Structure formats: structure tokens, C-alpha cells
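Each remark here refers to the structure printed beneath this line.
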Amino acid sequence: MKFSGSLLCVMLCIAAPTFASAAEDDTKEKSPTADASRQARLRGSVTPERAWWDVQHYHLSLQVFPEQKQIAGSNQITFTVLQPRKRMQIDLQEPLNITSITHDSAKLEFEREGNVYWVTFPEELAVATEQQITVAYEGTPTESLRPPWSGGLTWNKDPEGNHFIATSCQGIGASIWWPNKDHCYEEPDRGMNISVTVPEDLTAVCNGRLIKEEADPSEHTKTFHWQVVNPINNYAVNMNIGDYVHFQETIEAELGPLDMDYWVLRGQKQTAEEHFREAPRTIEALEHWFGPYPFYEDSYKLVVVPYLGMEHQSSVTYGNGFKNGYNGKDLSETGVGMKFDFIIVHESGHEWFGNNITAKDIADMWVQEGFTNYSENLFVNYHFTRTEAEDYVIGCRKRVNNVEPIIGTYNVNKAGSGDMYYKGGNLLHMIRNVIDNDEKWRSILRGLNHEFRHSTVTTKQIEDYVSEQAGIDFSSVFDQYLRGTKIPVFVYSKNENTVSYHFKDVASDFTVRTKVLVDGKPVWITPTTTPQILSVPSSDSTFAVDRNFYFEIEKTERSDQTAETPS
């Protein structure tokens, strides 16, 4: 259980018939879909029916029928009992259906309420015991119409006409394609196994390592067995199916040999062998800043998919066309973004923030996306220059909208605004410059990944850790940038040998240590909402705020307000 310390997907359900079920009694117990607000609470909160059991392991087994766009299978859930309860919540989104749930070879009673199944055990289970249920399900899953921004399955064809299928489900949740406890607060302590059966001319690639491949000539199918030994967040579980070929390498990384596996479509291998050299470079840079790759046991993997990309744990999906930039574009519009493959760097960055460290509630998803956006900056800093890294992150500021806060609404599965990417990255870049000690900043980033290794966290845990380790109280800074929509306005006026300065559009307690340039030389000041005075050498002296500090700048005529002179 992980209790220590891309944009929100939109559900686009499509009506579709399910397989004929032998459990007709189960289907008629399905209740009408509850109102959206109740469904949001059931999806986004730790209900009593979730809290009493702790997932230890999942074994997801399913068969995919590409021609019918259907799936059928089961999830064997191993869990420990934390409290004496008998009613359990299992999540599986419409239009998929659970057909049976068994425990100790006995069928359990269950009923449906929208995307939630209420499961009833005959009696309370004993605390501290380990139990196991098997949830069988089937149907036509939601088809993603705009992957990965809309969740579900992508049913596509490759250039040769072969089936090319993938899952994506961040935001909407893993229960859009398999039954589980679908909440970010918990992950299976002992990882999971994934067994996928597909037509014999296709290959299924999932998280972790391929431990076995079985052929069934009579059914013209193959089953691919994958194993993940580390805890894994639900939305990072994936399934990719296609006419894949495989190549690999082993690199010397921070903790020793790290296996790098690559799965690409037949015909792409030569191009991929050249372009995927970016992957070891990415691991090298991010291990430097964030610490050791978090999943050595499960290897690192890049898998080509029919959409742009996603951060599936130990199974990073890739669809950027073997070119630099973001789909061939530079998001910063500075030229720096064309120096690296955005998808490889960004989605790999999520192995540290998103997969190693996961927000307990999707409202805090900035922990995933803000730090990972910032990893692009750090990659440039490591392999190119600090100036180019600054150009890149500052260039992305124009993409911040400042309409809604970065932090969303808790307990209803609602993330904050897309500003969590570029505004989050610029917030972290500014904090680095406030600290003004790169070894300390690097130790903080690495410390986060050590302190909260394989954990789910709240934003407060991250905020407090940064402040404590930096020795600087950043609480008002986090509040301003994460919980509000206004960028601080640094107001100043120059008069002869002095500069008056203060903040506006901030809370009364907002303050941040700031570097300004007087005649091009750095000077540190600590502005507040109260005007202060800085002496400068002459009336001809120049004054500017260092560009790495994320403020709006407003130059005014000298006001009549009384200004304080800093001691």
C-alpha cells in the first residue's frame, strides 16, 4: 500500500453490446447510473468500502478480440484486511460488465451502481489476513476518440494493415478497461502480472518484463505474460498490441546495468535504433538530477503506439514519429525545443514524478506534471547549456492561461488546470533560482525521490519537504502559484539614486527572495506588498528583475507611498 507520504482525460463512453453472459442473474442486478456528482465522489474519494482492504497484488488476464473490438478476462486481486468489513467497492466503467466475482471458490453477491460494483462477502473478513478474489468481466470497452486525452482503447491499423491497439486512461482511470480499486492513493505492494491473449500474428507488450510467451495453435492465439515487481499506479498499467519487433541494450546507469527494451513496428527498427539513442541520454540526465531510475527490476521500455505518447510505468509509450520537438514543434518557440525528442524526455521524466512519486488525489496532479515539465529544462541544462535551459522554460510561459488554479478539487477525481505543466515548471525553475545553490537544489530533487520512493503523496508533503530542505519558507509562493490564478506583479519606479519596489496582486503575506540586476550586477532583495527602497549608484543606473523570476513587471512613476529602506 502506498500511503506514505498530460491533461485530464475525458470519458467518452459509447454504447455497445457486450458478450452474451452466462450470469444473467448478475446483469439484472445492475442499478441505474447514479447522478454525476455521486459518481464523481465514488470515483474520487477513499470510501469506507475501499479503506478496509489493502491491495497486495493484481493478476490481470484478458483476451483481446480485435475484429469485434471486444475484450474478456479477469483480475485476481490479492489483498490484506485492515478493518472488519464485508462490503467492498470494485470499479469498472460502463459499458464493460462484471460477470462473476469469486472468493474461496464461492460466488459473491454484487450489484452495480453506475461505474461502481458493490460486492458483499457472507461475513466480515478477519483483520490481518490475506484474501483473494477473482473478478471476471467482458464487453466492448470505451473507444478513445482522441488518445491519450480521451481514455479507452485505440483500435487502429498500422501501414501494413495489421491491427495496432493501445490503452490510455490517465484521469478517467484504469477501470475504463479493467476492474480494480481505481483510486490513486493506493498501489499493489507486490506489483502485478499481466497476461494478454491475442491473435497469433500479433504481439502484446505491457509493463515490466516478458516472462513467458505461450502459443495455442488450435485457437491461433498467443498469450504474453508480463510481470511487474514494483508497486504501480493504476493508470500507468498499459496494453499495446501490434506487429512488433524487439531490440534491446544494457546501459551502465547509476545503480549498475539497466536493461533498455524497445518495441517498434516491423519496418521501423532501423530508424528506431538510430533515434532511440535519445533514451540512454535521457536516463543519464534524469538520474543526475532526480536520482537512480526507480524501476531497475522492471527494466526501462519504449513502445511505439498509435498516439503521441504516455508515461506508463516501465513501458513508456511513444508516437512522436522519430523526430525532435513535440510532434515536430518547439513548444518554447526558442529553437531549444528542437534539440531533443519531447516525448522521450517528458514521458521518461514521469518515471520519477508520476510513477515513483504519485499524487494521492488527482487534484494534486501538478506533482506529476509540474516536475516532469521541469525535467525537460533539466535535460537541456545537462546536455546543452544552462542559458538554453532558461530560454526553454521561460519561452513556455506564453502557454500559461491563468484561468483556473493548478490544484483541482479533492475527492471527486478532478484535476486542476493544464497550467500545471508550464506554470508548474516555471515555478520550480524560479525556486531553483531563489535557492541559488544548484547542489542543494539537486539534493532536494534527489531527496524527494528517495524520501517518497514508490509512494503516493499530497502536495503539502512535497511543499513542506522543499521548504524544509531549502531552509526557506516557500508556503506563500506555493499558495500563490498553485492555488491562485494571478502571477505576482513586481511594481517598481526609479528616481535618481533609488528604486522603490513592491508586489501587488498577491496575498498580504506573499514574499520571495528575488535577484535584481543593477547595472547588470546581481543584487538580492526581499520584496513584500509594502513598498521598499533600494539605493543605486547613480541616476543613470539600470535596473531589471532577473528573468528567471516568474513575475509580471510593472514600471511606474514614483508613487506618493512612503517606502521603507531595507536594513
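All residue names refer to the C-alpha cells as shown: chains lettered A, B, ... in order, residues numbered from 1 in each chain, ligands numbered from 1 in order.
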
* Can you list, as a VMD selection string, every protein, DNA or RNA residue that comes within 7 Å of A:Gln63 when you count only C-alpha atoms, leaving out same-chain residues fewer than 5 positions away? -> chain A and resid 71 to 73 196 to 198

Once you have the residues from the selection above, write them out as a compact mmCIF listing (two decimals), in the first residue's frame, restricted to C-alpha atoms.
# COMPACT_ATOMS: atom_id res chain seq x y z
CA ILE A 71 -12.24 -7.96 -24.51
CA ALA A 72 -12.90 -10.63 -21.90
CA GLY A 73 -10.90 -11.67 -18.88
CA VAL A 196 -2.76 -10.90 -22.65
CA THR A 197 -4.02 -13.30 -25.32
CA VAL A 198 -4.07 -12.00 -28.90

* Any chance you could list, as a PyMOL selection string, the residues in stretch 245-308 of chain A that come up strand (DSSP E) when DSSP is run on the backbone? => chain A and resi 245-253+256-265+300-304

* Asked: Hey, which of A:Val506, A:His246, A:Asp436, A:Ile553 ends up closest to A:Pro522? Count only C-alpha atoms.
  -> A:Asp436

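Here the question is which of A:Thr530, A:Ser314, A:Thr221, A:Gln170 gets nearest to A:Asp259 using only C-alpha atoms, and that residue is A:Ser314.
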
* To do: May I have all residues of stretch 30-203 of chain A that DSSP, computed from the backbone, assigns to helix (DSSP H, G or I), given as a ChimeraX atom specification?
  => /A:36-44,48-51,174-176

Residues of the last selection are to be written out with N, CA, C and O atoms, as a PDB file, in the first residue's frame.
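Dumped everything to out.pdb:
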ATOM      1  N   ALA A  36     -24.185  12.293 -11.644  1.00  0.00           N
ATOM      2  CA  ALA A  36     -22.764  12.510 -11.906  1.00  0.00           C
ATOM      3  C   ALA A  36     -21.998  12.894 -10.659  1.00  0.00           C
ATOM      4  O   ALA A  36     -20.854  12.466 -10.461  1.00  0.00           O
ATOM      5  N   SER A  37     -22.598  13.707  -9.779  1.00  0.00           N
ATOM      6  CA  SER A  37     -21.871  14.151  -8.589  1.00  0.00           C
ATOM      7  C   SER A  37     -21.587  12.975  -7.656  1.00  0.00           C
ATOM      8  O   SER A  37     -20.509  12.881  -7.075  1.00  0.00           O
ATOM      9  N   ARG A  38     -22.549  12.066  -7.509  1.00  0.00           N
ATOM     10  CA  ARG A  38     -22.300  10.890  -6.666  1.00  0.00           C
ATOM     11  C   ARG A  38     -21.250   9.994  -7.308  1.00  0.00           C
ATOM     12  O   ARG A  38     -20.367   9.476  -6.619  1.00  0.00           O
ATOM     13  N   GLN A  39     -21.322   9.805  -8.610  1.00  0.00           N
ATOM     14  CA  GLN A  39     -20.316   9.001  -9.288  1.00  0.00           C
ATOM     15  C   GLN A  39     -18.929   9.614  -9.127  1.00  0.00           C
ATOM     16  O   GLN A  39     -17.944   8.901  -8.940  1.00  0.00           O
ATOM     17  N   ALA A  40     -18.853  10.942  -9.178  1.00  0.00           N
ATOM     18  CA  ALA A  40     -17.566  11.613  -9.002  1.00  0.00           C
ATOM     19  C   ALA A  40     -17.010  11.372  -7.608  1.00  0.00           C
ATOM     20  O   ALA A  40     -15.810  11.158  -7.427  1.00  0.00           O
ATOM     21  N   ARG A  41     -17.886  11.396  -6.601  1.00  0.00           N
ATOM     22  CA  ARG A  41     -17.434  11.156  -5.230  1.00  0.00           C
ATOM     23  C   ARG A  41     -16.995   9.703  -5.048  1.00  0.00           C
ATOM     24  O   ARG A  41     -15.988   9.425  -4.395  1.00  0.00           O
ATOM     25  N   LEU A  42     -17.754   8.780  -5.629  1.00  0.00           N
ATOM     26  CA  LEU A  42     -17.381   7.370  -5.519  1.00  0.00           C
ATOM     27  C   LEU A  42     -16.061   7.093  -6.216  1.00  0.00           C
ATOM     28  O   LEU A  42     -15.254   6.284  -5.759  1.00  0.00           O
ATOM     29  N   ARG A  43     -15.839   7.753  -7.324  1.00  0.00           N
ATOM     30  CA  ARG A  43     -14.595   7.571  -8.070  1.00  0.00           C
ATOM     31  C   ARG A  43     -13.422   8.242  -7.362  1.00  0.00           C
ATOM     32  O   ARG A  43     -12.318   7.715  -7.313  1.00  0.00           O
ATOM     33  N   GLY A  44     -13.652   9.438  -6.791  1.00  0.00           N
ATOM     34  CA  GLY A  44     -12.538  10.265  -6.341  1.00  0.00           C
ATOM     35  C   GLY A  44     -12.220  10.242  -4.868  1.00  0.00           C
ATOM     36  O   GLY A  44     -11.226  10.841  -4.451  1.00  0.00           O
ATOM     37  N   PRO A  48     -15.523   4.187   2.584  1.00  0.00           N
ATOM     38  CA  PRO A  48     -15.366   3.116   3.574  1.00  0.00           C
ATOM     39  C   PRO A  48     -15.215   1.743   2.927  1.00  0.00           C
ATOM     40  O   PRO A  48     -14.531   0.868   3.468  1.00  0.00           O
ATOM     41  N   GLU A  49     -15.836   1.575   1.764  1.00  0.00           N
ATOM     42  CA  GLU A  49     -15.775   0.292   1.068  1.00  0.00           C
ATOM     43  C   GLU A  49     -14.451   0.076   0.347  1.00  0.00           C
ATOM     44  O   GLU A  49     -14.179  -1.022  -0.146  1.00  0.00           O
ATOM     45  N   ARG A  50     -13.615   1.108   0.291  1.00  0.00           N
ATOM     46  CA  ARG A  50     -12.248   0.984  -0.223  1.00  0.00           C
ATOM     47  C   ARG A  50     -11.228   0.903   0.913  1.00  0.00           C
ATOM     48  O   ARG A  50     -10.210   0.230   0.802  1.00  0.00           O
ATOM     49  N   ALA A  51     -11.506   1.646   1.979  1.00  0.00           N
ATOM     50  CA  ALA A  51     -10.488   1.874   3.014  1.00  0.00           C
ATOM     51  C   ALA A  51     -10.103   0.623   3.795  1.00  0.00           C
ATOM     52  O   ALA A  51      -8.998   0.551   4.336  1.00  0.00           O
ATOM     53  N   ALA A 174      -8.109   3.622 -14.762  1.00  0.00           N
ATOM     54  CA  ALA A 174      -7.862   2.299 -15.319  1.00  0.00           C
ATOM     55  C   ALA A 174      -9.125   1.458 -15.424  1.00  0.00           C
ATOM     56  O   ALA A 174      -9.202   0.538 -16.246  1.00  0.00           O
ATOM     57  N   SER A 175     -10.123   1.776 -14.607  1.00  0.00           N
ATOM     58  CA  SER A 175     -11.359   0.992 -14.656  1.00  0.00           C
ATOM     59  C   SER A 175     -12.125   1.185 -15.950  1.00  0.00           C
ATOM     60  O   SER A 175     -13.156   0.560 -16.167  1.00  0.00           O
ATOM     61  N   ILE A 176     -11.618   2.012 -16.840  1.00  0.00           N
ATOM     62  CA  ILE A 176     -12.231   2.126 -18.156  1.00  0.00           C
ATOM     63  C   ILE A 176     -11.949   0.902 -19.013  1.00  0.00           C
ATOM     64  O   ILE A 176     -12.631   0.650 -20.000  1.00  0.00           O
TER      65      ILE A 176
END

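Nearest-residue note for A:Pro306: choosing from A:Lys414, A:Lys181, A:Arg399, A:Lys157, the minimum distance belongs to A:Lys157, counting only C-alpha atoms.
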
Quick one: everything within 9 Å of A:Tyr492, counting only C-alpha atoms, minus sequence neighbours fewer than 5 positions away in the same chain. Send it as a PDB file with N, CA and C atoms, in the first residue's frame.
ATOM      1  N   VAL A 499      15.447  53.082  -6.122  1.00  0.00           N
ATOM      2  CA  VAL A 499      14.360  52.333  -6.771  1.00  0.00           C
ATOM      3  C   VAL A 499      13.380  51.941  -5.688  1.00  0.00           C
ATOM      4  N   SER A 500      12.109  52.281  -5.887  1.00  0.00           N
ATOM      5  CA  SER A 500      11.051  51.836  -4.989  1.00  0.00           C
ATOM      6  C   SER A 500      10.404  50.604  -5.603  1.00  0.00           C
ATOM      7  N   TYR A 501      10.096  49.617  -4.778  1.00  0.00           N
ATOM      8  CA  TYR A 501       9.553  48.377  -5.327  1.00  0.00           C
ATOM      9  C   TYR A 501       8.613  47.714  -4.324  1.00  0.00           C
ATOM     10  N   HIS A 502       7.643  46.955  -4.849  1.00  0.00           N
ATOM     11  CA  HIS A 502       6.746  46.149  -4.028  1.00  0.00           C
ATOM     12  C   HIS A 502       5.975  45.193  -4.934  1.00  0.00           C
ATOM     13  N   PHE A 503       5.258  44.234  -4.317  1.00  0.00           N
ATOM     14  CA  PHE A 503       4.398  43.319  -5.051  1.00  0.00           C
ATOM     15  C   PHE A 503       2.955  43.788  -4.980  1.00  0.00           C
ATOM     16  N   PRO A 531       5.902  48.902   0.019  1.00  0.00           N
ATOM     17  CA  PRO A 531       6.981  49.491  -0.780  1.00  0.00           C
ATOM     18  C   PRO A 531       8.285  49.616   0.010  1.00  0.00           C
ATOM     19  N   ILE A 553       6.080  42.371 -14.684  1.00  0.00           N
ATOM     20  CA  ILE A 553       6.853  43.551 -14.302  1.00  0.00           C
ATOM     21  C   ILE A 553       6.077  44.808 -14.699  1.00  0.00           C
ATOM     22  N   GLU A 554       5.947  45.719 -13.736  1.00  0.00           N
ATOM     23  CA  GLU A 554       5.234  46.966 -13.990  1.00  0.00           C
ATOM     24  C   GLU A 554       6.101  48.137 -13.517  1.00  0.00           C
ATOM     25  N   LYS A 555       6.518  48.955 -14.465  1.00  0.00           N
ATOM     26  CA  LYS A 555       7.304  50.151 -14.123  1.00  0.00           C
ATOM     27  C   LYS A 555       6.350  51.335 -14.047  1.00  0.00           C
ATOM     28  N   THR A 556       6.441  52.090 -12.935  1.00  0.00           N
ATOM     29  CA  THR A 556       5.538  53.223 -12.738  1.00  0.00           C
ATOM     30  C   THR A 556       6.335  54.477 -12.440  1.00  0.00           C
ATOM     31  N   GLU A 557       5.609  55.589 -12.420  1.00  0.00           N
ATOM     32  CA  GLU A 557       6.184  56.821 -11.903  1.00  0.00           C
ATOM     33  C   GLU A 557       6.254  56.706 -10.391  1.00  0.00           C
ATOM     34  N   ARG A 558       7.141  57.466  -9.766  1.00  0.00           N
ATOM     35  CA  ARG A 558       7.280  57.415  -8.313  1.00  0.00           C
ATOM     36  C   ARG A 558       5.939  57.692  -7.647  1.00  0.00           C
TER      37      ARG A 558
END

* **Spatial neighbours of A:Arg483, 12 Å, only C-alpha atoms, chain gap at least 3 places, as a ChimeraX atom specification** => /A:363-364,366,402-409,416-417,419-420,423-424,459,475-480,486-487,506-507

* To do: Tell me which protein, DNA and RNA residues are within 8 Å of A:Lys440, counting only C-alpha atoms, leaving out same-chain ones fewer than 4 positions away, and put them as a list in words.
  => Ile435, Ile444 and Ala470 of chain A

For A:Ile462: contacts at 12 Å, only C-alpha atoms, fewer than 6 positions along chain excluded, given as a tab-separated table (two decimals) with N, CA, C and O atoms, in the first residue's frame:
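The resulting file, selection24.tsv, is reproduced below:
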chain	number	residue	atom	x	y	z
A	4	SER	N	2.40	6.41	2.34
A	4	SER	CA	3.32	7.41	2.82
A	4	SER	C	3.33	8.57	1.85
A	4	SER	O	2.92	8.47	0.69
A	5	GLY	N	3.83	9.39	2.87
A	5	GLY	CA	3.93	10.49	2.02
A	5	GLY	C	3.50	10.22	0.49
A	5	GLY	O	3.31	9.11	0.19
A	353	PHE	N	8.53	11.32	-11.42
A	353	PHE	CA	7.39	12.08	-10.90
A	353	PHE	C	6.14	11.67	-11.67
A	353	PHE	O	5.93	12.05	-12.81
A	357	ILE	N	6.87	8.76	-7.62
A	357	ILE	CA	6.09	9.61	-6.72
A	357	ILE	C	4.76	9.89	-7.41
A	357	ILE	O	4.73	10.48	-8.49
A	358	THR	N	3.67	9.49	-6.79
A	358	THR	CA	2.34	9.65	-7.37
A	358	THR	C	1.45	10.44	-6.42
A	358	THR	O	1.46	10.18	-5.21
A	359	ALA	N	0.70	11.39	-6.94
A	359	ALA	CA	-0.23	12.14	-6.10
A	359	ALA	C	-1.35	11.23	-5.61
A	359	ALA	O	-1.91	10.44	-6.38
A	360	LYS	N	-1.68	11.34	-4.33
A	360	LYS	CA	-2.76	10.53	-3.77
A	360	LYS	C	-4.11	10.88	-4.37
A	360	LYS	O	-5.00	10.03	-4.47
A	364	ASP	N	-3.98	16.94	-7.03
A	364	ASP	CA	-2.57	17.32	-6.86
A	364	ASP	C	-1.71	16.85	-8.04
A	364	ASP	O	-0.50	16.65	-7.87
A	365	MET	N	-2.30	16.69	-9.20
A	365	MET	CA	-1.56	16.12	-10.32
A	365	MET	C	-0.42	17.02	-10.79
A	365	MET	O	0.43	16.59	-11.57
A	366	TRP	N	-0.35	18.24	-10.29
A	366	TRP	CA	0.79	19.10	-10.62
A	366	TRP	C	2.10	18.45	-10.17
A	366	TRP	O	3.15	18.69	-10.77
A	367	VAL	N	2.03	17.62	-9.11
A	367	VAL	CA	3.23	16.92	-8.64
A	367	VAL	C	3.80	16.07	-9.78
A	367	VAL	O	5.02	16.00	-9.96
A	368	GLN	N	2.91	15.43	-10.53
A	368	GLN	CA	3.36	14.68	-11.70
A	368	GLN	C	3.81	15.61	-12.82
A	368	GLN	O	4.92	15.50	-13.35
A	370	GLY	N	4.01	19.13	-13.17
A	370	GLY	CA	4.90	20.28	-12.99
A	370	GLY	C	6.36	19.87	-12.94
A	370	GLY	O	7.21	20.43	-13.64
A	371	PHE	N	6.66	18.86	-12.13
A	371	PHE	CA	8.04	18.39	-12.03
A	371	PHE	C	8.51	17.76	-13.35
A	371	PHE	O	9.68	17.89	-13.72
A	428	LEU	N	8.97	25.84	-10.38
A	428	LEU	CA	10.13	25.09	-9.89
A	428	LEU	C	11.44	25.72	-10.36
A	428	LEU	O	12.42	25.76	-9.61
A	444	ILE	N	17.72	18.27	-3.18
A	444	ILE	CA	16.29	18.30	-2.87
A	444	ILE	C	15.52	17.42	-3.86
A	444	ILE	O	14.67	16.61	-3.47
A	445	LEU	N	15.82	17.56	-5.14
A	445	LEU	CA	15.14	16.76	-6.16
A	445	LEU	C	15.42	15.27	-5.97
A	445	LEU	O	14.51	14.44	-6.05
A	447	GLY	N	16.42	13.95	-3.15
A	447	GLY	CA	15.85	13.59	-1.86
A	447	GLY	C	14.37	13.29	-1.93
A	447	GLY	O	13.87	12.38	-1.25
A	448	LEU	N	13.63	14.03	-2.75
A	448	LEU	CA	12.21	13.75	-2.93
A	448	LEU	C	12.00	12.32	-3.42
A	448	LEU	O	11.14	11.59	-2.93
A	449	ASN	N	12.82	11.91	-4.40
A	449	ASN	CA	12.66	10.58	-4.97
A	449	ASN	C	13.14	9.47	-4.05
A	449	ASN	O	12.76	8.31	-4.22
A	451	GLU	N	13.00	9.97	-0.42
A	451	GLU	CA	12.09	10.05	0.72
A	451	GLU	C	10.73	9.46	0.40
A	451	GLU	O	10.11	8.79	1.23
A	452	PHE	N	10.23	9.72	-0.81
A	452	PHE	CA	8.90	9.29	-1.19
A	452	PHE	C	8.94	8.19	-2.25
A	452	PHE	O	8.02	8.06	-3.06
A	455	SER	N	5.88	5.87	-3.51
A	455	SER	CA	4.86	6.33	-2.58
A	455	SER	C	3.83	7.21	-3.27
A	455	SER	O	4.08	7.79	-4.32
A	456	THR	N	2.67	7.30	-2.62
A	456	THR	CA	1.69	8.30	-3.01
A	456	THR	C	1.76	9.44	-2.00
A	456	THR	O	1.97	9.21	-0.81
A	468	GLU	N	11.59	22.76	3.89
A	468	GLU	CA	12.46	22.30	4.99
A	468	GLU	C	13.88	22.09	4.50
A	468	GLU	O	14.85	22.50	5.17
A	469	GLN	N	14.04	21.44	3.36
A	469	GLN	CA	15.38	21.14	2.87
A	469	GLN	C	16.09	22.39	2.36
A	469	GLN	O	17.32	22.49	2.46
A	474	PHE	N	8.64	28.53	1.59
A	474	PHE	CA	8.03	28.78	0.28
A	474	PHE	C	6.50	28.67	0.33
A	474	PHE	O	5.86	28.64	-0.72
A	475	SER	N	5.92	28.63	1.53
A	475	SER	CA	4.49	28.37	1.62
A	475	SER	C	3.66	29.41	0.89
A	475	SER	O	2.71	29.07	0.17
A	478	PHE	N	4.05	28.80	-2.93
A	478	PHE	CA	3.22	27.68	-3.42
A	478	PHE	C	1.75	28.08	-3.46
A	478	PHE	O	1.04	27.77	-4.43
